[in-house]
>>> print(open('data_21.tsv').read())   # TSV, C-alpha atoms and all ligand atoms
chain	number	residue	atom	x	y	z
A	23	MET	CA	16.65	-163.14	-62.84
A	24	ARG	CA	17.17	-166.34	-60.88
A	25	VAL	CA	20.06	-168.37	-62.19
A	26	LEU	CA	20.46	-172.04	-61.44
A	27	TRP	CA	24.04	-172.98	-62.18
A	28	THR	CA	23.47	-176.69	-62.40
A	29	THR	CA	25.35	-178.51	-65.12
A	30	SER	CA	22.13	-179.19	-66.93
A	31	THR	CA	21.21	-175.55	-67.37
A	32	LEU	CA	24.69	-174.13	-67.80
A	33	ALA	CA	24.86	-174.32	-71.57
A	34	LEU	CA	21.41	-172.89	-71.86
A	35	VAL	CA	21.93	-169.98	-69.50
A	36	ALA	CA	25.23	-169.15	-71.12
A	37	SER	CA	23.83	-168.99	-74.60
A	38	THR	CA	20.20	-167.93	-74.55
A	39	ALA	CA	17.58	-165.87	-72.88
A	40	LEU	CA	15.31	-168.83	-72.21
A	41	SER	CA	13.92	-168.88	-68.69
A	42	THR	CA	16.53	-170.25	-66.32
A	43	ALA	CA	13.76	-172.05	-64.49
A	44	ALA	CA	13.30	-174.16	-67.59
A	45	MET	CA	13.91	-177.41	-65.77
A	46	ALA	CA	11.30	-176.72	-63.13
A	47	GLN	CA	7.84	-178.25	-63.09
A	48	GLY	CA	5.06	-176.54	-64.95
A	49	GLU	CA	6.95	-175.66	-68.10
A	50	VAL	CA	7.48	-176.91	-71.58
A	51	ASN	CA	10.42	-175.89	-73.75
A	52	ILE	CA	10.09	-175.70	-77.51
A	53	TYR	CA	12.91	-175.45	-80.03
A	54	SER	CA	11.15	-174.00	-83.03
A	55	SER	CA	12.20	-173.13	-86.55
A	56	ARG	CA	8.89	-171.41	-87.10
A	57	HIS	CA	8.77	-167.77	-86.10
A	58	TYR	CA	5.45	-166.03	-86.27
A	59	ASP	CA	4.64	-163.57	-83.53
A	60	ASN	CA	1.03	-164.70	-83.73
A	61	ASP	CA	1.94	-168.18	-82.53
A	62	GLN	CA	2.08	-166.56	-79.10
A	63	VAL	CA	-1.74	-166.60	-79.02
A	64	ILE	CA	-1.63	-170.42	-79.16
A	65	TYR	CA	1.00	-170.64	-76.44
A	66	ASP	CA	-0.93	-168.26	-74.20
A	67	GLU	CA	-4.13	-170.27	-74.65
A	68	PHE	CA	-2.29	-173.46	-73.72
A	69	THR	CA	-0.93	-171.82	-70.58
A	70	GLU	CA	-4.39	-170.51	-69.76
A	71	ARG	CA	-5.90	-174.00	-70.01
A	72	THR	CA	-3.14	-176.01	-68.30
A	73	GLY	CA	-1.08	-173.64	-66.18
A	74	ILE	CA	2.02	-174.82	-68.05
A	75	THR	CA	4.38	-172.07	-69.15
A	76	VAL	CA	5.70	-172.26	-72.70
A	77	ASN	CA	9.32	-171.27	-73.36
A	78	ARG	CA	10.49	-170.96	-76.92
A	79	ILE	CA	13.85	-170.85	-78.61
A	80	GLU	CA	13.63	-169.98	-82.27
A	81	GLY	CA	16.28	-170.63	-84.83
A	82	ASP	CA	17.23	-172.18	-88.11
A	83	ALA	CA	16.18	-175.85	-88.12
A	84	ASP	CA	19.65	-177.19	-88.89
A	85	GLU	CA	21.16	-175.05	-86.13
A	86	LEU	CA	18.56	-176.30	-83.67
A	87	ILE	CA	19.30	-179.91	-84.66
A	88	ALA	CA	23.02	-179.27	-84.11
A	89	ARG	CA	22.21	-177.70	-80.77
A	90	LEU	CA	20.04	-180.64	-79.65
A	91	ASN	CA	22.90	-182.94	-80.64
A	92	ALA	CA	25.46	-180.91	-78.73
A	93	GLU	CA	23.30	-180.61	-75.61
A	94	GLY	CA	22.56	-184.33	-75.58
A	95	GLN	CA	21.10	-185.57	-72.31
A	96	ASN	CA	21.34	-182.10	-70.79
A	97	SER	CA	19.12	-180.47	-73.35
A	98	PRO	CA	16.24	-178.51	-71.81
A	99	ALA	CA	14.22	-178.97	-75.02
A	100	ASP	CA	10.98	-180.94	-74.77
A	101	ILE	CA	9.63	-180.36	-78.27
A	102	PHE	CA	11.25	-179.81	-81.66
A	103	LEU	CA	9.23	-178.02	-84.33
A	104	THR	CA	10.17	-177.75	-88.01
A	105	VAL	CA	8.36	-176.49	-91.08
A	106	ASP	CA	9.17	-179.48	-93.28
A	107	ALA	CA	9.03	-183.24	-92.98
A	108	GLY	CA	12.57	-183.69	-94.29
A	109	ARG	CA	14.23	-181.94	-91.38
A	110	ILE	CA	12.16	-183.55	-88.65
A	111	TRP	CA	13.02	-186.87	-90.27
A	112	ARG	CA	16.70	-185.93	-90.07
A	113	ALA	CA	16.34	-185.06	-86.38
A	114	ASP	CA	14.66	-188.40	-85.81
A	115	GLU	CA	17.41	-190.27	-87.69
A	116	ALA	CA	19.91	-188.62	-85.34
A	117	GLY	CA	18.02	-190.15	-82.38
A	118	LEU	CA	16.80	-186.79	-81.12
A	119	LEU	CA	13.10	-187.71	-80.86
A	120	GLN	CA	11.16	-190.32	-78.90
A	121	PRO	CA	8.04	-192.36	-79.65
A	122	ILE	CA	4.80	-191.00	-78.19
A	123	ASP	CA	1.81	-193.21	-77.67
A	124	SER	CA	-1.24	-190.96	-77.57
A	125	GLU	CA	-4.76	-191.83	-78.60
A	126	VAL	CA	-5.56	-188.17	-79.09
A	127	LEU	CA	-2.70	-187.69	-81.53
A	128	GLU	CA	-3.45	-190.92	-83.36
A	129	ASN	CA	-7.12	-190.11	-83.69
A	130	ARG	CA	-6.69	-186.50	-84.71
A	131	ILE	CA	-3.70	-186.57	-87.09
A	132	PRO	CA	-4.19	-188.65	-90.27
A	133	GLU	CA	-1.83	-191.59	-90.48
A	134	HIS	CA	0.14	-190.36	-93.49
A	135	LEU	CA	0.95	-187.08	-91.72
A	136	ARG	CA	2.75	-188.69	-88.77
A	137	HIS	CA	5.63	-191.02	-88.03
A	138	PRO	CA	4.40	-194.63	-87.81
A	139	ASP	CA	5.66	-194.94	-84.22
A	140	GLY	CA	4.79	-191.43	-83.05
A	141	HIS	CA	8.26	-189.86	-83.33
A	142	TRP	CA	6.69	-186.79	-84.97
A	143	PHE	CA	3.32	-185.43	-85.98
A	144	GLY	CA	2.37	-183.08	-88.84
A	145	MET	CA	0.54	-180.01	-87.50
A	146	SER	CA	-0.24	-178.06	-90.67
A	147	GLN	CA	0.00	-178.73	-94.39
A	148	ARG	CA	1.46	-176.62	-97.17
A	149	ALA	CA	0.97	-177.38	-100.86
A	150	ARG	CA	3.75	-176.87	-103.42
A	151	ILE	CA	2.02	-175.91	-106.65
A	152	ILE	CA	2.45	-174.36	-110.10
A	153	PHE	CA	1.82	-170.65	-110.72
A	154	TYR	CA	1.87	-169.10	-114.19
A	155	ASP	CA	1.43	-165.89	-116.14
A	156	LYS	CA	-2.10	-166.04	-117.58
A	157	GLU	CA	-1.12	-163.87	-120.57
A	158	GLU	CA	1.91	-165.92	-121.55
A	159	VAL	CA	0.91	-169.50	-120.83
A	160	GLU	CA	-2.05	-170.91	-122.67
A	161	ASN	CA	-1.67	-174.52	-121.59
A	162	PRO	CA	-0.12	-174.55	-118.14
A	163	PRO	CA	1.41	-177.82	-116.91
A	164	GLN	CA	-1.22	-179.89	-115.11
A	165	THR	CA	1.26	-182.20	-113.38
A	166	TYR	CA	4.74	-181.96	-111.85
A	167	GLU	CA	5.82	-184.38	-114.56
A	168	ALA	CA	4.70	-181.91	-117.25
A	169	LEU	CA	7.19	-179.31	-115.96
A	170	ALA	CA	9.77	-181.38	-117.88
A	171	ASP	CA	7.85	-181.11	-121.16
A	172	PRO	CA	9.95	-179.38	-123.88
A	173	GLN	CA	7.01	-177.08	-124.67
A	174	TYR	CA	7.97	-175.09	-121.56
A	175	GLU	CA	11.58	-174.54	-122.58
A	176	GLY	CA	13.05	-171.39	-121.02
A	177	GLN	CA	9.89	-170.64	-119.04
A	178	ILE	CA	10.26	-172.16	-115.59
A	179	CYS	CA	11.56	-170.58	-112.39
A	180	ILE	CA	12.19	-172.88	-109.46
A	181	ARG	CA	14.61	-172.54	-106.58
A	182	SER	CA	17.81	-174.46	-105.96
A	183	SER	CA	18.15	-178.14	-105.16
A	184	SER	CA	19.64	-177.38	-101.75
A	185	ASN	CA	16.20	-176.21	-100.68
A	186	VAL	CA	14.40	-178.75	-98.53
A	187	TYR	CA	11.00	-178.07	-100.16
A	188	ASN	CA	12.43	-179.12	-103.53
A	189	GLN	CA	14.17	-182.10	-101.97
A	190	SER	CA	10.84	-183.27	-100.55
A	191	LEU	CA	9.13	-182.68	-103.89
A	192	MET	CA	11.80	-184.76	-105.64
A	193	ALA	CA	11.50	-187.42	-102.93
A	194	SER	CA	7.77	-187.64	-103.65
A	195	ILE	CA	8.46	-187.96	-107.38
A	196	ILE	CA	10.90	-190.81	-106.70
A	197	ALA	CA	8.20	-192.46	-104.57
A	198	ALA	CA	5.58	-192.06	-107.30
A	199	ASN	CA	7.59	-192.79	-110.46
A	200	GLY	CA	10.87	-194.45	-109.46
A	201	GLU	CA	14.46	-193.16	-109.56
A	202	GLU	CA	15.04	-193.41	-113.28
A	203	ALA	CA	11.93	-191.47	-114.21
A	204	ALA	CA	12.75	-188.95	-111.49
A	205	LYS	CA	16.15	-188.35	-113.04
A	206	ASP	CA	14.67	-187.89	-116.52
A	207	TRP	CA	12.20	-185.48	-115.00
A	208	ALA	CA	14.91	-183.44	-113.28
A	209	GLU	CA	16.88	-183.26	-116.53
A	210	GLY	CA	13.81	-181.98	-118.34
A	211	VAL	CA	13.10	-179.34	-115.71
A	212	VAL	CA	16.70	-178.09	-115.82
A	213	ALA	CA	16.40	-177.80	-119.61
A	214	ASN	CA	13.23	-175.73	-119.18
A	215	MET	CA	14.61	-173.31	-116.59
A	216	ALA	CA	14.32	-169.63	-117.43
A	217	ARG	CA	17.40	-168.89	-115.30
A	218	GLU	CA	19.80	-170.49	-112.83
A	219	PRO	CA	17.95	-171.28	-109.59
A	220	GLN	CA	18.12	-168.33	-107.23
A	221	GLY	CA	16.29	-166.95	-104.20
A	222	GLY	CA	13.34	-168.28	-102.25
A	223	ASP	CA	9.80	-169.18	-103.30
A	224	THR	CA	8.71	-165.53	-103.32
A	225	ASP	CA	11.53	-164.76	-105.78
A	226	GLN	CA	10.16	-167.33	-108.23
A	227	LEU	CA	6.81	-165.52	-108.13
A	228	ARG	CA	8.55	-162.15	-108.50
A	229	GLY	CA	10.23	-163.61	-111.58
A	230	VAL	CA	6.82	-164.08	-113.18
A	231	VAL	CA	5.87	-160.49	-112.33
A	232	SER	CA	9.09	-159.12	-113.82
A	233	GLY	CA	8.64	-161.26	-116.94
A	234	GLU	CA	11.80	-163.30	-116.43
A	235	CYS	CA	9.75	-166.45	-116.03
A	236	ASP	CA	6.30	-167.55	-117.16
A	237	ILE	CA	5.90	-170.45	-114.74
A	238	ALA	CA	6.94	-170.68	-111.09
A	239	VAL	CA	6.86	-173.43	-108.48
A	240	ALA	CA	6.11	-172.21	-104.96
A	241	ASN	CA	4.35	-173.10	-101.74
A	242	THR	CA	0.86	-171.65	-101.71
A	243	TYR	CA	1.34	-169.42	-98.67
A	244	TYR	CA	4.04	-167.35	-100.40
A	245	PHE	CA	1.55	-166.36	-103.08
A	246	LEU	CA	-1.16	-165.75	-100.49
A	247	ARG	CA	1.14	-163.42	-98.54
A	248	GLY	CA	1.30	-161.42	-101.75
A	249	LEU	CA	-2.49	-161.16	-101.74
A	250	ASP	CA	-2.35	-159.76	-98.21
A	251	GLY	CA	-0.15	-156.93	-99.45
A	252	GLY	CA	3.27	-155.64	-98.53
A	253	VAL	CA	5.32	-158.16	-100.52
A	254	ASP	CA	7.67	-156.16	-102.77
A	255	GLY	CA	7.53	-157.18	-106.38
A	256	LEU	CA	4.45	-159.36	-105.91
A	257	SER	CA	1.63	-157.54	-104.11
A	258	GLY	CA	-0.43	-155.53	-106.54
A	259	SER	CA	0.46	-157.91	-109.39
A	260	THR	CA	-1.25	-161.07	-108.17
A	261	ASP	CA	-4.08	-160.69	-110.71
A	262	MET	CA	-1.75	-161.74	-113.52
A	263	PHE	CA	-1.34	-165.22	-112.00
A	264	GLY	CA	-3.13	-168.42	-112.71
A	265	TRP	CA	-2.36	-171.51	-110.64
A	266	VAL	CA	-2.60	-175.26	-111.00
A	267	PHE	CA	-2.91	-177.76	-108.17
A	268	PRO	CA	-0.93	-180.48	-109.95
A	269	ASN	CA	-1.76	-184.15	-110.46
A	270	GLN	CA	-5.44	-183.78	-109.61
A	271	SER	CA	-6.36	-186.78	-111.78
A	272	GLY	CA	-3.69	-188.85	-110.12
A	273	ARG	CA	-1.92	-188.88	-106.77
A	274	GLY	CA	-2.74	-185.26	-105.90
A	275	ALA	CA	-0.72	-182.13	-105.17
A	276	HIS	CA	2.49	-182.46	-103.18
A	277	VAL	CA	2.09	-181.31	-99.58
A	278	ASN	CA	4.63	-180.92	-96.82
A	279	VAL	CA	4.01	-180.32	-93.13
A	280	ALA	CA	5.07	-178.23	-90.21
A	281	ALA	CA	5.74	-180.99	-87.69
A	282	MET	CA	6.47	-181.50	-84.01
A	283	GLY	CA	8.08	-184.26	-82.01
A	284	VAL	CA	8.95	-184.85	-78.37
A	285	THR	CA	12.71	-184.82	-77.85
A	286	ALA	CA	14.54	-187.95	-76.71
A	287	ASN	CA	15.58	-186.42	-73.39
A	288	ALA	CA	12.57	-184.20	-72.73
A	289	PRO	CA	12.70	-183.15	-69.07
A	290	ASN	CA	8.99	-182.29	-69.17
A	291	LYS	CA	7.70	-185.14	-71.28
A	292	GLU	CA	4.15	-185.19	-69.95
A	293	ASN	CA	3.77	-181.47	-70.52
A	294	ALA	CA	5.16	-181.94	-74.00
A	295	VAL	CA	2.56	-184.60	-74.83
A	296	GLN	CA	-0.15	-182.33	-73.44
A	297	PHE	CA	1.10	-179.56	-75.67
A	298	LEU	CA	1.10	-181.73	-78.79
A	299	GLU	CA	-2.42	-182.91	-77.98
A	300	PHE	CA	-3.53	-179.33	-77.49
A	301	MET	CA	-2.02	-178.50	-80.89
A	302	THR	CA	-4.53	-180.88	-82.48
A	303	SER	CA	-7.53	-179.06	-80.96
A	304	ASP	CA	-9.75	-177.21	-83.42
A	305	PHE	CA	-8.69	-173.92	-81.85
A	306	ALA	CA	-4.95	-174.49	-82.19
A	307	GLN	CA	-5.25	-176.15	-85.59
A	308	SER	CA	-7.20	-173.36	-87.14
A	309	TYR	CA	-4.99	-170.68	-85.62
A	310	PHE	CA	-1.71	-172.39	-86.47
A	311	ALA	CA	-2.70	-173.11	-90.06
A	312	ASN	CA	-4.68	-169.99	-90.84
A	313	GLN	CA	-2.22	-167.38	-89.73
A	314	ASN	CA	0.29	-168.64	-92.29
A	315	ASN	CA	-2.36	-169.39	-94.95
A	316	GLU	CA	-1.77	-173.12	-94.57
A	317	TYR	CA	-4.11	-176.10	-94.33
A	318	ALA	CA	-4.87	-177.74	-90.99
A	319	ALA	CA	-3.54	-181.27	-90.47
A	320	VAL	CA	-6.69	-182.34	-88.62
A	321	PRO	CA	-9.57	-183.07	-91.03
A	322	GLY	CA	-12.64	-180.90	-90.77
A	323	VAL	CA	-10.96	-177.71	-89.54
A	324	GLY	CA	-12.05	-174.67	-91.55
A	325	LEU	CA	-9.90	-172.84	-94.07
A	326	ALA	CA	-8.88	-169.20	-93.84
A	327	GLU	CA	-10.26	-166.93	-96.54
A	328	ASN	CA	-7.03	-166.77	-98.57
A	329	PRO	CA	-6.38	-170.49	-98.99
A	330	ALA	CA	-10.11	-170.99	-99.56
A	331	SER	CA	-9.88	-168.53	-102.48
A	332	LEU	CA	-7.44	-170.86	-104.26
A	333	GLY	CA	-10.07	-173.60	-104.33
A	334	LEU	CA	-10.27	-177.13	-103.02
A	335	PHE	CA	-7.91	-179.79	-104.29
A	336	ARG	CA	-6.74	-183.32	-103.87
A	337	MET	CA	-3.58	-183.80	-101.76
A	338	ASP	CA	-1.01	-186.54	-102.27
A	339	ASP	CA	-1.39	-188.80	-99.24
A	340	VAL	CA	1.94	-190.60	-99.48
A	341	ASN	CA	3.39	-191.11	-95.99
A	342	LEU	CA	5.70	-188.19	-95.34
A	343	SER	CA	8.42	-190.51	-94.04
A	344	VAL	CA	9.34	-191.15	-97.67
A	345	PHE	CA	10.51	-187.56	-98.00
A	346	GLY	CA	13.28	-188.17	-95.51
A	347	GLU	CA	14.03	-191.66	-96.78
A	348	ASN	CA	14.33	-190.55	-100.41
A	349	THR	CA	16.11	-187.26	-99.83
A	350	PRO	CA	19.70	-188.58	-100.10
A	351	ARG	CA	18.86	-190.08	-103.50
A	352	ALA	CA	16.97	-186.93	-104.46
A	353	GLN	CA	20.07	-184.85	-103.78
A	354	GLU	CA	22.23	-187.21	-105.86
A	355	ILE	CA	19.87	-186.94	-108.80
A	356	PHE	CA	19.84	-183.15	-108.55
A	357	ASN	CA	23.64	-183.20	-108.64
A	358	GLU	CA	23.77	-185.66	-111.52
A	359	VAL	CA	21.58	-183.50	-113.74
A	360	GLY	CA	23.22	-180.21	-112.73
A	361	TRP	CA	20.24	-178.68	-110.91
A	362	GLU	CA	22.11	-176.11	-108.88
A	401	FE	FE	8.44	-171.56	-96.16
>>> encode(input="data_21.tsv", output="structure tokens")
Amino acid sequence: MRVLWTTSTLALVASTALSTAAMAQGEVNIYSSRHYDNDQVIYDEFTERTGITVNRIEGDADELIARLNAEGQNSPADIFLTVDAGRIWRADEAGLLQPIDSEVLENRIPEHLRHPDGHWFGMSQRARIIFYDKEEVENPPQTYEALADPQYEGQICIRSSSNVYNQSLMASIIAANGEEAAKDWAEGVVANMAREPQGGDTDQLRGVVSGECDIAVANTYYFLRGLDGGVDGLSGSTDMFGWVFPNQSGRGAHVNVAAMGVTANAPNKENAVQFLEFMTSDFAQSYFANQNNEYAAVPGVGLAENPASLGLFRMDDVNLSVFGENTPRAQEIFNEVGWE
């Protein structure tokens, strides 16, 4: 392995296995909090088409943000990828991303799924919806607001308020209904919880299977993974579930995005823009979304069989910047009402 002991690569070489030629021409370096082996197909196709090598460092989003901060101007990262709008917003607030002016990106990605000045772009959409036990729940909640209805007392499983998906959901409720109504809502949901918040989205669905809960809030792809098989405590029991895409007569179901931005100090900025543009191609969109049972960000790209089986629905098209903007208040409200 060739090692370039320049100051700019030192931190990188010391701490990771990323190619030590990362600063050379012909490469693009991605810090990614998404880790699917199948993403490699997309990276290989990009390399095939452009000759640009893709290097990836995967990690927890908050750790990658801390790392970008620590590396500062010497960071080899060109692109930061997260699986929620809240964290990419946080990275942007910290000055870690730069504006990108690209007609391709502006034309392909709908306006509400990207930063107004091109600091980040949504690449796939995930819906956070309501699942329920068909035997136990005759009138499932049709809106997020209805989760606070006393008729569901002791029935609801939803994860903790420290989870960024719930923070974004709460941020969207603040945007739709205002802070006071959002607080009343949170109080009502806490009163309806079947148990203290625990585990991830899959655990909420498992709670329905085990009978601990009758209603669960989860991102669609967690349920769809269960359909694919191999998910302990869920696969084999998916027939007992009904689901509701909430707020279909109003603003639509809450969606979040996997998003990418070009880093403030990207050493390979042009390659990074090329990569983002490639990510909006039909090929990359369908692959990126479908392999995790998500919805493409670019309109008109086909659905995979699993998400298609859930049916079509109306998505909330609030600009995702509000998730980040409202998250501090969302967290305060969660704390005020004792949503752990
Ligand atoms: Fe997730």
>>> atom_distance(input="data_21.tsv", atom1="atom CA of Val277 of chain A", atom2="atom CA of Pro350 of chain A")
19.1 Å
>>> residues_around(input="data_21.tsv", residues="Ala311 of chain A", least_positions_apart="3", cutoff="12 Å", atoms="all atoms listed in the file", output="PyMOL selection string")
chain A and resi 58+60-61+64+105+144-148+243+279-281+301-308+314-320+323-329
>>> closest_residue(input="data_21.tsv", among="A:Arg351, A:His57, A:His141, A:Lys205", to="ligand FE 401 (chain A)", atoms="all atoms listed in the file")
A:His57
>>> closest_residue(input="data_21.tsv", among="A:Arg71, A:Arg150, A:Lys291, A:Arg228", to="ligand FE 401 (chain A)", atoms="all atoms listed in the file")
A:Arg150
>>> atom_distance(input="data_21.tsv", atom1="atom CA of Ala216 of chain A", atom2="atom CA of Ile178 of chain A")
5.1 Å
